[in-house]
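input24.txt (compact mmCIF, N, CA, C and O atoms)
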# COMPACT_ATOMS: atom_id res chain seq x y z
N MET A 1196 6.16 -19.50 14.62
CA MET A 1196 7.56 -19.16 14.62
C MET A 1196 8.40 -20.22 15.30
O MET A 1196 9.56 -20.01 15.53
N HIS A 1197 7.83 -21.35 15.58
CA HIS A 1197 8.58 -22.42 16.22
C HIS A 1197 9.40 -23.16 15.17
O HIS A 1197 8.83 -23.77 14.26
N PRO A 1198 10.74 -23.11 15.26
CA PRO A 1198 11.59 -23.73 14.24
C PRO A 1198 11.32 -25.22 14.05
O PRO A 1198 11.46 -25.74 12.94
N GLY A 1199 10.91 -25.91 15.08
CA GLY A 1199 10.64 -27.33 14.97
C GLY A 1199 9.40 -27.68 14.17
O GLY A 1199 9.19 -28.81 13.78
N ARG A 1200 8.55 -26.69 13.92
CA ARG A 1200 7.32 -26.94 13.18
C ARG A 1200 7.44 -26.58 11.71
O ARG A 1200 6.48 -26.65 10.97
N ARG A 1201 8.62 -26.19 11.27
CA ARG A 1201 8.83 -25.87 9.87
C ARG A 1201 8.96 -27.16 9.08
O ARG A 1201 9.47 -28.16 9.57
N GLY A 1202 8.55 -27.13 7.84
CA GLY A 1202 8.66 -28.31 7.01
C GLY A 1202 9.23 -27.98 5.65
O GLY A 1202 9.32 -26.82 5.25
N GLY A 1203 9.61 -29.00 4.94
CA GLY A 1203 10.13 -28.81 3.59
C GLY A 1203 11.62 -28.60 3.58
O GLY A 1203 12.26 -28.39 4.61
N PRO A 1204 12.20 -28.62 2.39
CA PRO A 1204 13.65 -28.52 2.26
C PRO A 1204 14.21 -27.10 2.29
O PRO A 1204 15.39 -26.91 2.51
N ASP A 1205 13.39 -26.09 2.07
CA ASP A 1205 13.90 -24.73 1.93
C ASP A 1205 14.72 -24.21 3.11
O ASP A 1205 15.78 -23.64 2.90
N PRO A 1206 14.27 -24.36 4.36
CA PRO A 1206 15.07 -23.82 5.47
C PRO A 1206 16.45 -24.45 5.61
O PRO A 1206 17.34 -23.85 6.18
N ASP A 1207 16.64 -25.65 5.06
CA ASP A 1207 17.93 -26.32 5.18
C ASP A 1207 18.85 -26.07 3.99
O ASP A 1207 20.00 -26.49 4.00
N ASP A 1208 18.36 -25.39 2.96
CA ASP A 1208 19.16 -25.14 1.76
C ASP A 1208 19.76 -23.74 1.82
O ASP A 1208 19.03 -22.75 1.74
N PRO A 1209 21.09 -23.62 1.97
CA PRO A 1209 21.70 -22.30 2.09
C PRO A 1209 21.54 -21.44 0.85
O PRO A 1209 21.65 -20.21 0.92
N ASP A 1210 21.23 -22.03 -0.30
CA ASP A 1210 21.06 -21.26 -1.52
C ASP A 1210 19.72 -20.52 -1.60
O ASP A 1210 19.53 -19.67 -2.45
N THR A 1211 18.79 -20.86 -0.70
CA THR A 1211 17.47 -20.22 -0.75
C THR A 1211 17.35 -19.03 0.20
O THR A 1211 16.31 -18.39 0.26
N GLY A 1212 18.39 -18.73 0.95
CA GLY A 1212 18.36 -17.57 1.82
C GLY A 1212 18.24 -17.92 3.28
O GLY A 1212 18.33 -19.07 3.68
N ASP A 1213 17.99 -16.90 4.08
CA ASP A 1213 17.90 -17.04 5.53
C ASP A 1213 16.44 -17.11 5.94
O ASP A 1213 15.66 -16.24 5.58
N PHE A 1214 16.10 -18.14 6.69
CA PHE A 1214 14.72 -18.32 7.13
C PHE A 1214 14.57 -18.06 8.62
O PHE A 1214 13.67 -18.59 9.26
N SER A 1215 15.45 -17.24 9.19
CA SER A 1215 15.37 -16.93 10.61
C SER A 1215 14.27 -15.89 10.84
O SER A 1215 14.17 -14.91 10.10
N PRO A 1216 13.44 -16.09 11.87
CA PRO A 1216 12.41 -15.09 12.19
C PRO A 1216 13.05 -13.75 12.55
O PRO A 1216 14.10 -13.69 13.18
N VAL A 1217 12.39 -12.69 12.12
CA VAL A 1217 12.85 -11.33 12.42
C VAL A 1217 11.68 -10.60 13.06
O VAL A 1217 10.58 -10.57 12.52
N ARG A 1218 11.93 -10.02 14.21
CA ARG A 1218 10.89 -9.23 14.88
C ARG A 1218 11.10 -7.75 14.55
O ARG A 1218 12.22 -7.27 14.58
N VAL A 1219 10.02 -7.08 14.22
CA VAL A 1219 10.08 -5.66 13.90
C VAL A 1219 9.03 -4.91 14.72
O VAL A 1219 8.08 -5.51 15.22
N ALA A 1220 9.23 -3.63 14.84
CA ALA A 1220 8.26 -2.79 15.55
C ALA A 1220 6.92 -2.86 14.80
O ALA A 1220 6.89 -2.97 13.58
N PRO A 1221 5.81 -2.80 15.53
CA PRO A 1221 4.50 -2.90 14.87
C PRO A 1221 4.06 -1.59 14.23
O PRO A 1221 3.08 -0.98 14.63
N ASP A 1222 4.82 -1.13 13.25
CA ASP A 1222 4.39 0.05 12.51
C ASP A 1222 4.83 -0.06 11.05
O ASP A 1222 5.75 -0.81 10.70
N ALA A 1223 4.15 0.68 10.20
CA ALA A 1223 4.37 0.57 8.76
C ALA A 1223 5.79 0.95 8.36
O ALA A 1223 6.35 0.36 7.43
N SER A 1224 6.41 1.92 9.02
CA SER A 1224 7.76 2.32 8.63
C SER A 1224 8.77 1.21 8.88
O SER A 1224 9.71 1.03 8.10
N ALA A 1225 8.59 0.44 9.94
CA ALA A 1225 9.50 -0.69 10.21
C ALA A 1225 9.32 -1.78 9.16
O ALA A 1225 10.30 -2.37 8.70
N VAL A 1226 8.09 -2.04 8.76
CA VAL A 1226 7.84 -3.05 7.73
C VAL A 1226 8.39 -2.57 6.39
O VAL A 1226 9.00 -3.33 5.64
N ALA A 1227 8.23 -1.29 6.08
CA ALA A 1227 8.74 -0.74 4.82
C ALA A 1227 10.26 -0.83 4.75
O ALA A 1227 10.83 -0.94 3.66
N ALA A 1228 10.94 -0.82 5.89
CA ALA A 1228 12.40 -0.88 5.92
C ALA A 1228 12.94 -2.30 5.68
O ALA A 1228 14.13 -2.46 5.42
N LEU A 1229 12.07 -3.30 5.74
CA LEU A 1229 12.50 -4.67 5.51
C LEU A 1229 12.78 -4.90 4.02
O LEU A 1229 12.17 -4.28 3.17
N ASP A 1230 13.67 -5.82 3.74
CA ASP A 1230 13.98 -6.17 2.36
C ASP A 1230 13.18 -7.41 1.98
O ASP A 1230 13.73 -8.49 1.78
N LEU A 1231 11.85 -7.25 1.89
CA LEU A 1231 10.99 -8.37 1.54
C LEU A 1231 11.10 -8.61 0.04
O LEU A 1231 10.92 -7.69 -0.76
N ARG A 1232 11.40 -9.84 -0.34
CA ARG A 1232 11.72 -10.13 -1.74
C ARG A 1232 10.52 -10.31 -2.65
O ARG A 1232 10.59 -10.00 -3.82
N ALA A 1233 9.44 -10.84 -2.17
CA ALA A 1233 8.27 -10.97 -3.04
C ALA A 1233 7.50 -9.65 -3.00
O ALA A 1233 7.05 -9.23 -1.94
N PRO A 1234 7.37 -8.97 -4.14
CA PRO A 1234 6.66 -7.67 -4.14
C PRO A 1234 5.26 -7.76 -3.57
O PRO A 1234 4.79 -6.84 -2.89
N GLU A 1235 4.57 -8.87 -3.84
CA GLU A 1235 3.21 -9.04 -3.32
C GLU A 1235 3.22 -9.13 -1.80
O GLU A 1235 2.34 -8.57 -1.13
N LEU A 1236 4.20 -9.83 -1.24
CA LEU A 1236 4.32 -9.95 0.22
C LEU A 1236 4.65 -8.59 0.83
O LEU A 1236 4.07 -8.20 1.85
N ALA A 1237 5.55 -7.86 0.21
CA ALA A 1237 5.92 -6.54 0.71
C ALA A 1237 4.71 -5.61 0.72
O ALA A 1237 4.45 -4.92 1.72
N ALA A 1238 3.96 -5.57 -0.37
CA ALA A 1238 2.78 -4.70 -0.45
C ALA A 1238 1.73 -5.10 0.57
O ALA A 1238 1.17 -4.24 1.27
N TYR A 1239 1.45 -6.39 0.68
CA TYR A 1239 0.46 -6.88 1.64
C TYR A 1239 0.88 -6.54 3.07
O TYR A 1239 0.08 -6.05 3.86
N SER A 1240 2.14 -6.80 3.39
CA SER A 1240 2.63 -6.56 4.75
C SER A 1240 2.57 -5.09 5.10
O SER A 1240 2.17 -4.71 6.21
N TYR A 1241 2.96 -4.23 4.18
CA TYR A 1241 2.94 -2.79 4.44
C TYR A 1241 1.50 -2.31 4.65
O TYR A 1241 1.21 -1.58 5.58
N GLU A 1242 0.60 -2.73 3.77
CA GLU A 1242 -0.80 -2.31 3.90
C GLU A 1242 -1.40 -2.80 5.21
O GLU A 1242 -2.13 -2.07 5.88
N ASP A 1243 -1.09 -4.03 5.59
CA ASP A 1243 -1.61 -4.58 6.84
C ASP A 1243 -1.01 -3.85 8.04
O ASP A 1243 -1.70 -3.56 9.01
N ALA A 1244 0.26 -3.51 7.97
CA ALA A 1244 0.93 -2.82 9.08
C ALA A 1244 0.33 -1.44 9.33
O ALA A 1244 0.35 -0.95 10.46
N GLU A 1245 -0.20 -0.82 8.30
CA GLU A 1245 -0.80 0.50 8.49
C GLU A 1245 -2.03 0.44 9.38
O GLU A 1245 -2.44 1.45 9.94
N THR A 1246 -2.63 -0.74 9.54
CA THR A 1246 -3.82 -0.86 10.38
C THR A 1246 -3.50 -1.26 11.81
O THR A 1246 -4.39 -1.30 12.65
N TRP A 1247 -2.23 -1.61 12.08
CA TRP A 1247 -1.84 -2.02 13.43
C TRP A 1247 -1.92 -0.85 14.39
O TRP A 1247 -1.56 0.27 14.06
N LYS A 1248 -2.34 -1.13 15.58
CA LYS A 1248 -2.39 -0.11 16.63
C LYS A 1248 -1.38 -0.47 17.69
O LYS A 1248 -1.37 -1.59 18.19
N PRO A 1249 -0.50 0.48 18.07
CA PRO A 1249 0.50 0.18 19.13
C PRO A 1249 -0.13 -0.01 20.49
O PRO A 1249 -1.19 0.36 20.76

Will you turn the file into structure tokens for me?
Amino acid sequence: MHPGRRGGPDPDDPDTGDFSPVRVAPDASAVAALDLRAPELAAYSYEDAETWKP
């Protein structure tokens, strides 16, 4: 999550969206509330979040 370690042109292009890190509570409902654009990423993140233990 260190901004200085990011590479490539995407974070600097305003047309590609916001690349700011977002912290969420470690539970599936918080992940489900995110507007994750890639359906595969959303499904993977939600399934993984269900295994997290607070």

So that I can check the surroundings of range 1208-1221 of chain A, please list as a ChimeraX atom specification every protein, DNA and RNA residue that reaches within 6 Å of it, counting only N, CA, C and O atoms and ignoring chain neighbours fewer than 2 positions away.
/A:1204-1206,1223,1225-1226,1244,1247-1249

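Counting from CA of Asp1243 in chain A, the distance to CA of Gly1202 in chain A is 25.9 Å.
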
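For the pair CA of Glu1245 in chain A and CA of Ser1224 in chain A, the separation is 8.8 Å.
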
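Distance-wise, atom C of Leu1229 in chain A and CA of Asp1207 in chain A end up 22.1 Å apart.
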
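When DSSP reads the backbone of this structure, the residues of chain A it assigns to helix (DSSP H, G or I) are Pro1198, Gly1199, Arg1200, Asp1205, Pro1206, Asp1207, Pro1209, Asp1210, Thr1211, Ala1223, Ser1224, Ala1225, Val1226, Ala1227, Pro1234, Glu1235, Leu1236, Ala1237, Ala1238, Tyr1239, Ser1240, Tyr1241, Glu1242, Asp1243 and Ala1244 of chain A.
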